[in-house]
Amino acid sequence: MKQSLSCAFCAITLTTIVLLGILFSIPLSAFASEQKTPYNVALEIIDWKKSNVGSTSDGYLLNDTFLTQAGTTPGDWYPIGLGRLGVKDNQDGYLAVLDDNVQKRYQTSAKLDKAKATEWHRIALAVLASGGNPRRMGTNGDIDLIADGTYNRVDAKGNGILGKQGINGFIWGLIAVDSMQYEVPQDAYYSRDDMILNILNRQLADGGWALTGNVSDPDMTGMAIQALAPYYNSEKEYTYANKKLQADGSLITKKVRTVIDEAICWLSLAQNADGGYSSWGTENCESAVQVAVALCLLGVDIFTDARFIKDGNTIYDAIMSFQNADGGFIHATVYDPENPSSLPDKSNTMASEQTLYGMVAIHRYQNGMRRLFDLRSEQSPALKEQIAQVEAQIELLDESTSTLELQGVYNAYWAIPSLERSYVNNYAKLSQLLNKAGITYYEEVMDFNSGDAGVITPMEIFTDADVNATNSLPTVLTTEHRAEVLRLFSKISNCFDFEGKQDYYIKLEKAKNAIDELQAQIDLLKADIKQHLYPFDSISLSDKKVVQDIYNRYMALSSYDQAQLEASDVEGLLKCKTQVENLQTALIISGVCVAVAGVATAIVIANVRKRKKEKASKLMQESDE
Amino acid sequence: MKKDLFAICIVIFVLILVFTGTKIQSVEDYYLTHLDDITEDSQTVYLSIRCDTILDNWDKLDPALRQEKYVPQDGVILQRTEYVLRKGDTVYNILDRAIRHNQIQMECIYSINYASTYVEGINHLYEFSCGELSGWMFMVNGQFPQVGCDRYTLQDGDEIIWCYTCDLGRDVGCYWEMS
């Protein structure tokens with residue numbers, strides 16, 4: 001996507017205007033108006049993805065093809081983007097399939113994953129964004145993704161394993177518990193502060209974060225800030241050891257705000273001249289998106305903040321340079337012949353899904369909505385107005401402001417409900433002035449313990465369309481119907497009573513069980529092929545029964561279900577079947593041959609005997625004579 | 001006498017036929033059951049699967065996996081083995097054939113959205129089984145291609161090594177270019 005900056009003259013003019021803009025603090029948003037709005041870009045990404053999964057522009061993105069991915073990284077970030085943008089799609093269907101998948105995965109010993117706590121975090125966010133409740137998953141509502149995936153994330157021996165995959169476990173764990181400001185019980189394995197400390201103590205000397213090594217990375221720095229952002233106004237001091245900062249392990253004391261400010265300095269320095277960011281040596285779309293999300297969550301305006309404009313280019317400019325004509329986004333513009341998944345001309349799912357929620361984060365910031373990962377219901381207009389007034393008052397303060405006036409503004413800040421104070425974007429300035437003036441301020445701890453924010457799934461109406469859909473289900477089901485059946489079953493389990501409800505309930509429950517049973521058969525078939533049909537050299541006639549049985553089970557499946565097997569499963573099966581059949585034929589031929597040989601031998605023996613007899617009788621006759 | 005000789009000849013021929021095990025197969029059947037036989041004309045590649053880095057990071061390894069059946073003493077899960085290269089074969093196809101033939105456990109996820117396969121675990125060793133920077137990587141002719149294993153098409157004579165890293169590739173010779 002090349003913008004109209006292709007001519008050098010334009011570029012120079014625009015740069016000059018932007019620089020003037022910074023000098024005279026003119027809001028620069030005006031210059032961005034020629035660009036598409038984040039909202040429209042988000043819609044374009046959704047449209048691209050729809051065509052990518054075989055849907056139409058006015059159809060659902062979360063169609064049956066898409067829903068086969070529910071509960072995986074590529075399957076959950078789009079629903080998060082859709083929900084936070086406020087786009088109505090097939091969220092009911094998605095939740096029904098996701099719920100069923102989670103329930104099945106919970107039946108294994110690893111539950112959602114042995115090592116990755118982020119599986120719980122991503123799914124919890126996706127459930128919330130789609131209107132569900134991650135604390136009441138499963139048919140009985142006894143699966144709590146928040147507790148299991150965050151503060152009580154322990155192994156069988158009771159050891160904490162939230163950080164088994166590294167810093168990501170703590171970052172996303174904190175984002176998940178803060179998504180609804182869930183209460184962390186006193187006896188939980190991890191407290192909120194444990195998660196915060198585990199992010200703080202991994203900060204690098206240059207100010208940011210990285211998965212490994214001593215050089216910060218924009219993606220990890222962005223994500224760490226996203227988790228810490230709600231604590232920017234917290235006055236709590238943390239004392240901890242960080243060997244990257246103090247090699248001897250001596251303790252340091254910092255507020256979250258200080259740490260975030262250091263990270264912002266690094267992000268500002270690390271920004272490229274075109275406004276973008278490089279990670280692992282390549283300038284790419286996702287890095288710029290992660291930084292943009294972090295800044296939006298902090299209330300930093302990426303269009304006007306001078307720290308994030310380089311040569312007149314904003315992060316937004318850099319992100320938009322990765323958009324393709326089809327609406328999707330590409331990972332990087334550098335052509336890498338070894339990496340066909342990131343061809344510059346082909347839109348990439350990971351780049352697009354991250355840009356989608358990046359656009360949503362910018363859109364929400366620009367429209368005074370809640371932060372991307374704060375999924376509580378939106379603030380009331382009165383509350384917004386109260387916060388805006390306090391921000392305006394803080395804006396007017398300076399070092400000459402009287403103590404009395406400072407105290408007044410601080411009281412106004414304090415009058416905002418504690419769970420909402422993190423939305424005052426310029427509190428840091430007030431805090432500094434209070435400090436200088438020697439006014440005592442509360443050691444406010446942003447301990448969001450409001451408890452379960454109370455998601456209630458409203459009762460629904462089982463519509464005529466749902467009745468028709470139920471009636472038109474075929475009598476012989478395949479796994480192709482899974483998403484539809486789960487959606488209808490979930491709906492009928494939670495709808496108002498109506499004439500004949502019980503019949504439809506029974507029919508759908510039967511359909512759901514039949515599909516579960518079918519899926520179990522397919523999984524067993526795959527396992528049996530792997531277990532019994534290899535190595536191929538060892539297949540003998542004694543395996544005939546096993547091979548024939550597996551083959552019959554395969555042939556009994558519908559063609560849709562047969563396609564669930566890997567190509568090598570089918571090849572292995574056909575190979576073995578051919579082998580045993582050929583061995584069987586060979587055996588029959590051998591049998592016939594042996595029989596022929598036996599008959600021939602018998603004839604020869606008989607002939608020999610006959611001749612001997614004749615000879616003997618001849619001799620007898622001769623001797624008689 | 002002549003008839004007998006003829007009969008004896010038949011018997012000998014038939015018995016030779018049975019004991020040498022000559023199979024009677026159609027051309028298609030022969031082709032299918034001999035797909036992976038190495039002949040003089042076959043193109044081939046080499047595959048090995050190793051986890052030696054775990055031996056140096058034993059303390060980080062998930063205690064449940066500290067057994068020889070998961071981590072062999074020499075760190076070799078599959079010795080360097082020659083496999084027939086079929087037209088269009090990717091690194092994934094060869095790995096898949098090898099783990100099936102040797103009955104080695106493997107788990108991977110294919111994503112239709114990413115159109116790519118990611119190998120999560122081989123021989124019960126998974127990503128993050130040995131520390132937060134651990135997981136499976138593959139090398140072709142000494143290089144680490146930055147592409148999914150089912151996107152890398154192989155050529156005659158390629159040398160594939162699947163290696164378990166405990167340090168995001170650095171302990172197996174993969175150095176990422178840092179800015």
# chains A, B, ... in the order shown; residues from 1 in each chain; ligands from 1
$ interface_residues --of "chain B" --to "chain A" --cutoff "9 Å" --atoms "only C-alpha atoms" --output "ChimeraX atom specification"
/B:1,3-5,7-8,10-15,17-19,21-25,29,32-33,93,96-97,100-103,111-116,126-129,131-134,145-148,151-152,167-168,176-179
$ residues_around --residues "Cys130 in chain B" --least-positions-apart "4" --cutoff "8 Å" --atoms "only C-alpha atoms" --output "PyMOL selection string"
chain B and resi 54+57-58+60-62+134-135+166
$ residues_around --residues "range 34-41 of chain B" --least-positions-apart "5" --cutoff "9 Å" --atoms "only C-alpha atoms" --output "NGL selection string"
:B and (29 or 82-86)
$ select_by_dssp --residues "range 221-449 of chain A" --states "alpha helix (DSSP H)" --output "VMD selection string"
chain A and resid 221 to 228 256 to 270 285 to 298 315 to 320 349 to 366 381 to 396 403 to 415 427 to 437
$ select_by_dssp --residues "chain B" --states "strand (DSSP E)" --output "PyMOL selection string"
chain B and resi 44-50+76-84+106-111+116-122+125-126+135-140+159-165
$ atom_distance --atom1 "CA of Leu197 in chain A" --atom2 "CA of Asn152 in chain A"
16.6 Å
$ atom_distance --atom1 "CA of Leu47 in chain B" --atom2 "CA of Arg80 in chain B"
5.3 Å
$ residues_around --residues "Gln407 in chain A" --least-positions-apart "6" --cutoff "12 Å" --atoms "only C-alpha atoms" --output "PyMOL selection string"
chain A and resi 393-394+397+401+413-414+430-431+433-435+437-441
$ atom_distance --atom1 "CA of Ile45 in chain A" --atom2 "CA of Thr479 in chain A"
29.0 Å
$ residues_around --residues "Leu128 in chain A" --least-positions-apart "5" --cutoff "9 Å" --atoms "only C-alpha atoms" --output "PyMOL selection string"
chain A and resi 80+83+123+133-134+179-180+375+455
$ write_last_selection --atoms "C-alpha atoms" --output "mmCIF file, in the first residue's frame"
data_model
loop_
_atom_site.group_PDB
_atom_site.id
_atom_site.type_symbol
_atom_site.label_atom_id
_atom_site.label_comp_id
_atom_site.auth_asym_id
_atom_site.auth_seq_id
_atom_site.Cartn_x
_atom_site.Cartn_y
_atom_site.Cartn_z
ATOM 1 C CA ILE A 80 -11.633 -10.718 20.053
ATOM 2 C CA GLY A 83 -16.316 -8.241 19.691
ATOM 3 C CA ILE A 123 -9.655 -18.107 25.250
ATOM 4 C CA ASN A 133 -18.443 -15.973 30.794
ATOM 5 C CA PRO A 134 -14.987 -17.592 31.064
ATOM 6 C CA SER A 179 -10.059 -7.929 31.928
ATOM 7 C CA MET A 180 -13.028 -7.782 34.321
ATOM 8 C CA LEU A 375 -13.958 -5.685 29.006
ATOM 9 C CA VAL A 455 -21.610 -11.586 33.164
#
$ closest_residue --among "A:Val97, A:Val289, A:Leu297, A:Leu477" --to "Gly275 in chain A" --atoms "only C-alpha atoms"
A:Val289
$ decode --residues "range 20-149 of chain B" --atoms "C-alpha atoms" --output "PDB file, in the first residue's frame"
ATOM      1  CA  THR B  20      11.139 -68.322  -3.915  1.00  0.00           C
ATOM      2  CA  GLY B  21       7.931 -66.477  -2.988  1.00  0.00           C
ATOM      3  CA  THR B  22       7.373 -64.908  -6.355  1.00  0.00           C
ATOM      4  CA  LYS B  23       4.427 -62.558  -5.951  1.00  0.00           C
ATOM      5  CA  ILE B  24       1.884 -62.020  -8.618  1.00  0.00           C
ATOM      6  CA  GLN B  25       0.871 -58.339  -8.524  1.00  0.00           C
ATOM      7  CA  SER B  26      -0.684 -55.815 -10.830  1.00  0.00           C
ATOM      8  CA  VAL B  27       1.520 -52.892 -11.857  1.00  0.00           C
ATOM      9  CA  GLU B  28      -0.487 -50.452  -9.702  1.00  0.00           C
ATOM     10  CA  ASP B  29      -0.245 -52.691  -6.675  1.00  0.00           C
ATOM     11  CA  TYR B  30       3.468 -53.139  -7.176  1.00  0.00           C
ATOM     12  CA  TYR B  31       3.961 -49.397  -7.483  1.00  0.00           C
ATOM     13  CA  LEU B  32       1.885 -48.642  -4.376  1.00  0.00           C
ATOM     14  CA  THR B  33       3.590 -51.179  -2.146  1.00  0.00           C
ATOM     15  CA  HIS B  34       7.080 -50.195  -3.303  1.00  0.00           C
ATOM     16  CA  LEU B  35       6.655 -46.406  -3.108  1.00  0.00           C
ATOM     17  CA  ASP B  36       9.336 -45.972  -0.508  1.00  0.00           C
ATOM     18  CA  ASP B  37      11.865 -48.563  -1.652  1.00  0.00           C
ATOM     19  CA  ILE B  38      15.241 -47.054  -2.418  1.00  0.00           C
ATOM     20  CA  THR B  39      16.462 -48.060  -5.877  1.00  0.00           C
ATOM     21  CA  GLU B  40      19.344 -46.827  -7.993  1.00  0.00           C
ATOM     22  CA  ASP B  41      17.097 -44.264  -9.647  1.00  0.00           C
ATOM     23  CA  SER B  42      15.427 -42.920  -6.495  1.00  0.00           C
ATOM     24  CA  GLN B  43      16.046 -39.427  -5.266  1.00  0.00           C
ATOM     25  CA  THR B  44      16.641 -39.494  -1.542  1.00  0.00           C
ATOM     26  CA  VAL B  45      17.065 -37.237   1.483  1.00  0.00           C
ATOM     27  CA  TYR B  46      18.500 -37.870   4.951  1.00  0.00           C
ATOM     28  CA  LEU B  47      16.719 -37.304   8.223  1.00  0.00           C
ATOM     29  CA  SER B  48      17.826 -37.406  11.831  1.00  0.00           C
ATOM     30  CA  ILE B  49      16.028 -36.367  15.037  1.00  0.00           C
ATOM     31  CA  ARG B  50      18.132 -35.245  17.976  1.00  0.00           C
ATOM     32  CA  CYS B  51      17.636 -33.818  21.436  1.00  0.00           C
ATOM     33  CA  ASP B  52      21.230 -33.679  22.739  1.00  0.00           C
ATOM     34  CA  THR B  53      20.797 -30.124  24.046  1.00  0.00           C
ATOM     35  CA  ILE B  54      18.555 -31.514  26.781  1.00  0.00           C
ATOM     36  CA  LEU B  55      21.491 -33.494  28.177  1.00  0.00           C
ATOM     37  CA  ASP B  56      23.179 -30.171  29.027  1.00  0.00           C
ATOM     38  CA  ASN B  57      19.970 -28.738  30.515  1.00  0.00           C
ATOM     39  CA  TRP B  58      18.791 -31.705  32.534  1.00  0.00           C
ATOM     40  CA  ASP B  59      17.784 -29.567  35.522  1.00  0.00           C
ATOM     41  CA  LYS B  60      15.362 -27.591  33.351  1.00  0.00           C
ATOM     42  CA  LEU B  61      13.664 -30.690  31.957  1.00  0.00           C
ATOM     43  CA  ASP B  62      10.159 -31.538  33.129  1.00  0.00           C
ATOM     44  CA  PRO B  63      10.820 -34.238  35.812  1.00  0.00           C
ATOM     45  CA  ALA B  64       8.192 -36.523  34.280  1.00  0.00           C
ATOM     46  CA  LEU B  65      10.319 -36.702  31.113  1.00  0.00           C
ATOM     47  CA  ARG B  66      13.627 -37.549  32.786  1.00  0.00           C
ATOM     48  CA  GLN B  67      13.677 -41.087  31.397  1.00  0.00           C
ATOM     49  CA  GLU B  68      15.699 -42.741  28.702  1.00  0.00           C
ATOM     50  CA  LYS B  69      12.655 -43.579  26.602  1.00  0.00           C
ATOM     51  CA  TYR B  70      12.057 -39.861  26.167  1.00  0.00           C
ATOM     52  CA  VAL B  71      15.637 -38.609  26.156  1.00  0.00           C
ATOM     53  CA  PRO B  72      18.024 -41.318  24.891  1.00  0.00           C
ATOM     54  CA  GLN B  73      21.488 -41.331  26.478  1.00  0.00           C
ATOM     55  CA  ASP B  74      23.162 -40.214  23.263  1.00  0.00           C
ATOM     56  CA  GLY B  75      20.437 -37.678  22.550  1.00  0.00           C
ATOM     57  CA  VAL B  76      19.544 -39.383  19.270  1.00  0.00           C
ATOM     58  CA  ILE B  77      15.855 -40.120  18.774  1.00  0.00           C
ATOM     59  CA  LEU B  78      16.325 -41.157  15.140  1.00  0.00           C
ATOM     60  CA  GLN B  79      19.699 -42.025  13.606  1.00  0.00           C
ATOM     61  CA  ARG B  80      20.505 -40.453  10.260  1.00  0.00           C
ATOM     62  CA  THR B  81      18.305 -42.418   7.857  1.00  0.00           C
ATOM     63  CA  GLU B  82      17.853 -42.263   4.111  1.00  0.00           C
ATOM     64  CA  TYR B  83      14.345 -41.753   2.767  1.00  0.00           C
ATOM     65  CA  VAL B  84      12.933 -41.736  -0.730  1.00  0.00           C
ATOM     66  CA  LEU B  85      12.111 -38.253  -1.921  1.00  0.00           C
ATOM     67  CA  ARG B  86       8.829 -38.096  -3.763  1.00  0.00           C
ATOM     68  CA  LYS B  87       7.965 -35.235  -6.052  1.00  0.00           C
ATOM     69  CA  GLY B  88       6.911 -32.153  -4.052  1.00  0.00           C
ATOM     70  CA  ASP B  89       7.843 -33.631  -0.671  1.00  0.00           C
ATOM     71  CA  THR B  90       8.231 -31.112   2.137  1.00  0.00           C
ATOM     72  CA  VAL B  91      10.172 -31.413   5.381  1.00  0.00           C
ATOM     73  CA  TYR B  92       6.881 -32.320   7.052  1.00  0.00           C
ATOM     74  CA  ASN B  93       6.169 -35.232   4.660  1.00  0.00           C
ATOM     75  CA  ILE B  94       9.537 -36.856   5.401  1.00  0.00           C
ATOM     76  CA  LEU B  95       9.160 -36.371   9.162  1.00  0.00           C
ATOM     77  CA  ASP B  96       5.645 -37.802   9.013  1.00  0.00           C
ATOM     78  CA  ARG B  97       6.820 -40.897   7.105  1.00  0.00           C
ATOM     79  CA  ALA B  98       9.763 -41.402   9.453  1.00  0.00           C
ATOM     80  CA  ILE B  99       7.777 -41.156  12.680  1.00  0.00           C
ATOM     81  CA  ARG B 100       5.146 -43.532  11.313  1.00  0.00           C
ATOM     82  CA  HIS B 101       7.722 -46.064  10.171  1.00  0.00           C
ATOM     83  CA  ASN B 102       9.556 -45.962  13.497  1.00  0.00           C
ATOM     84  CA  GLN B 103       6.421 -45.556  15.616  1.00  0.00           C
ATOM     85  CA  ILE B 104       7.718 -42.382  17.257  1.00  0.00           C
ATOM     86  CA  GLN B 105       5.129 -40.179  18.953  1.00  0.00           C
ATOM     87  CA  MET B 106       4.576 -36.782  17.328  1.00  0.00           C
ATOM     88  CA  GLU B 107       2.024 -34.017  17.740  1.00  0.00           C
ATOM     89  CA  CYS B 108       1.600 -31.104  15.423  1.00  0.00           C
ATOM     90  CA  ILE B 109      -1.103 -28.592  14.678  1.00  0.00           C
ATOM     91  CA  TYR B 110      -2.210 -27.614  11.224  1.00  0.00           C
ATOM     92  CA  SER B 111      -3.954 -24.291  11.011  1.00  0.00           C
ATOM     93  CA  ILE B 112      -6.194 -23.553   8.035  1.00  0.00           C
ATOM     94  CA  ASN B 113      -5.986 -19.902   8.953  1.00  0.00           C
ATOM     95  CA  TYR B 114      -2.185 -19.820   8.799  1.00  0.00           C
ATOM     96  CA  ALA B 115      -2.096 -22.593   6.175  1.00  0.00           C
ATOM     97  CA  SER B 116       0.886 -24.024   7.984  1.00  0.00           C
ATOM     98  CA  THR B 117       1.872 -26.882  10.267  1.00  0.00           C
ATOM     99  CA  TYR B 118       3.696 -26.427  13.548  1.00  0.00           C
ATOM    100  CA  VAL B 119       5.422 -29.366  15.240  1.00  0.00           C
ATOM    101  CA  GLU B 120       4.676 -29.128  18.960  1.00  0.00           C
ATOM    102  CA  GLY B 121       6.187 -32.343  20.242  1.00  0.00           C
ATOM    103  CA  ILE B 122       8.261 -35.356  19.139  1.00  0.00           C
ATOM    104  CA  ASN B 123       8.812 -38.422  21.355  1.00  0.00           C
ATOM    105  CA  HIS B 124       6.747 -36.700  24.088  1.00  0.00           C
ATOM    106  CA  LEU B 125       9.185 -33.756  24.222  1.00  0.00           C
ATOM    107  CA  TYR B 126       7.170 -30.591  23.661  1.00  0.00           C
ATOM    108  CA  GLU B 127       7.806 -26.889  23.353  1.00  0.00           C
ATOM    109  CA  PHE B 128       8.614 -25.536  26.834  1.00  0.00           C
ATOM    110  CA  SER B 129       9.314 -29.078  28.157  1.00  0.00           C
ATOM    111  CA  CYS B 130      12.859 -27.970  28.927  1.00  0.00           C
ATOM    112  CA  GLY B 131      12.657 -24.328  29.909  1.00  0.00           C
ATOM    113  CA  GLU B 132      10.922 -21.291  28.489  1.00  0.00           C
ATOM    114  CA  LEU B 133      13.094 -21.112  25.368  1.00  0.00           C
ATOM    115  CA  SER B 134      12.763 -24.749  24.350  1.00  0.00           C
ATOM    116  CA  GLY B 135      11.080 -26.402  21.384  1.00  0.00           C
ATOM    117  CA  TRP B 136      11.645 -28.160  18.055  1.00  0.00           C
ATOM    118  CA  MET B 137      13.448 -26.612  15.088  1.00  0.00           C
ATOM    119  CA  PHE B 138      14.537 -28.038  11.775  1.00  0.00           C
ATOM    120  CA  MET B 139      17.667 -27.543   9.773  1.00  0.00           C
ATOM    121  CA  VAL B 140      18.157 -28.270   6.084  1.00  0.00           C
ATOM    122  CA  ASN B 141      21.771 -28.535   4.897  1.00  0.00           C
ATOM    123  CA  GLY B 142      22.952 -26.640   7.966  1.00  0.00           C
ATOM    124  CA  GLN B 143      20.513 -23.726   7.555  1.00  0.00           C
ATOM    125  CA  PHE B 144      17.398 -22.896   9.574  1.00  0.00           C
ATOM    126  CA  PRO B 145      14.710 -21.933   7.048  1.00  0.00           C
ATOM    127  CA  GLN B 146      12.327 -19.292   8.429  1.00  0.00           C
ATOM    128  CA  VAL B 147       9.251 -21.058   7.131  1.00  0.00           C
ATOM    129  CA  GLY B 148       6.871 -23.763   8.301  1.00  0.00           C
ATOM    130  CA  CYS B 149       8.060 -27.325   7.759  1.00  0.00           C
TER     131      CYS B 149
END
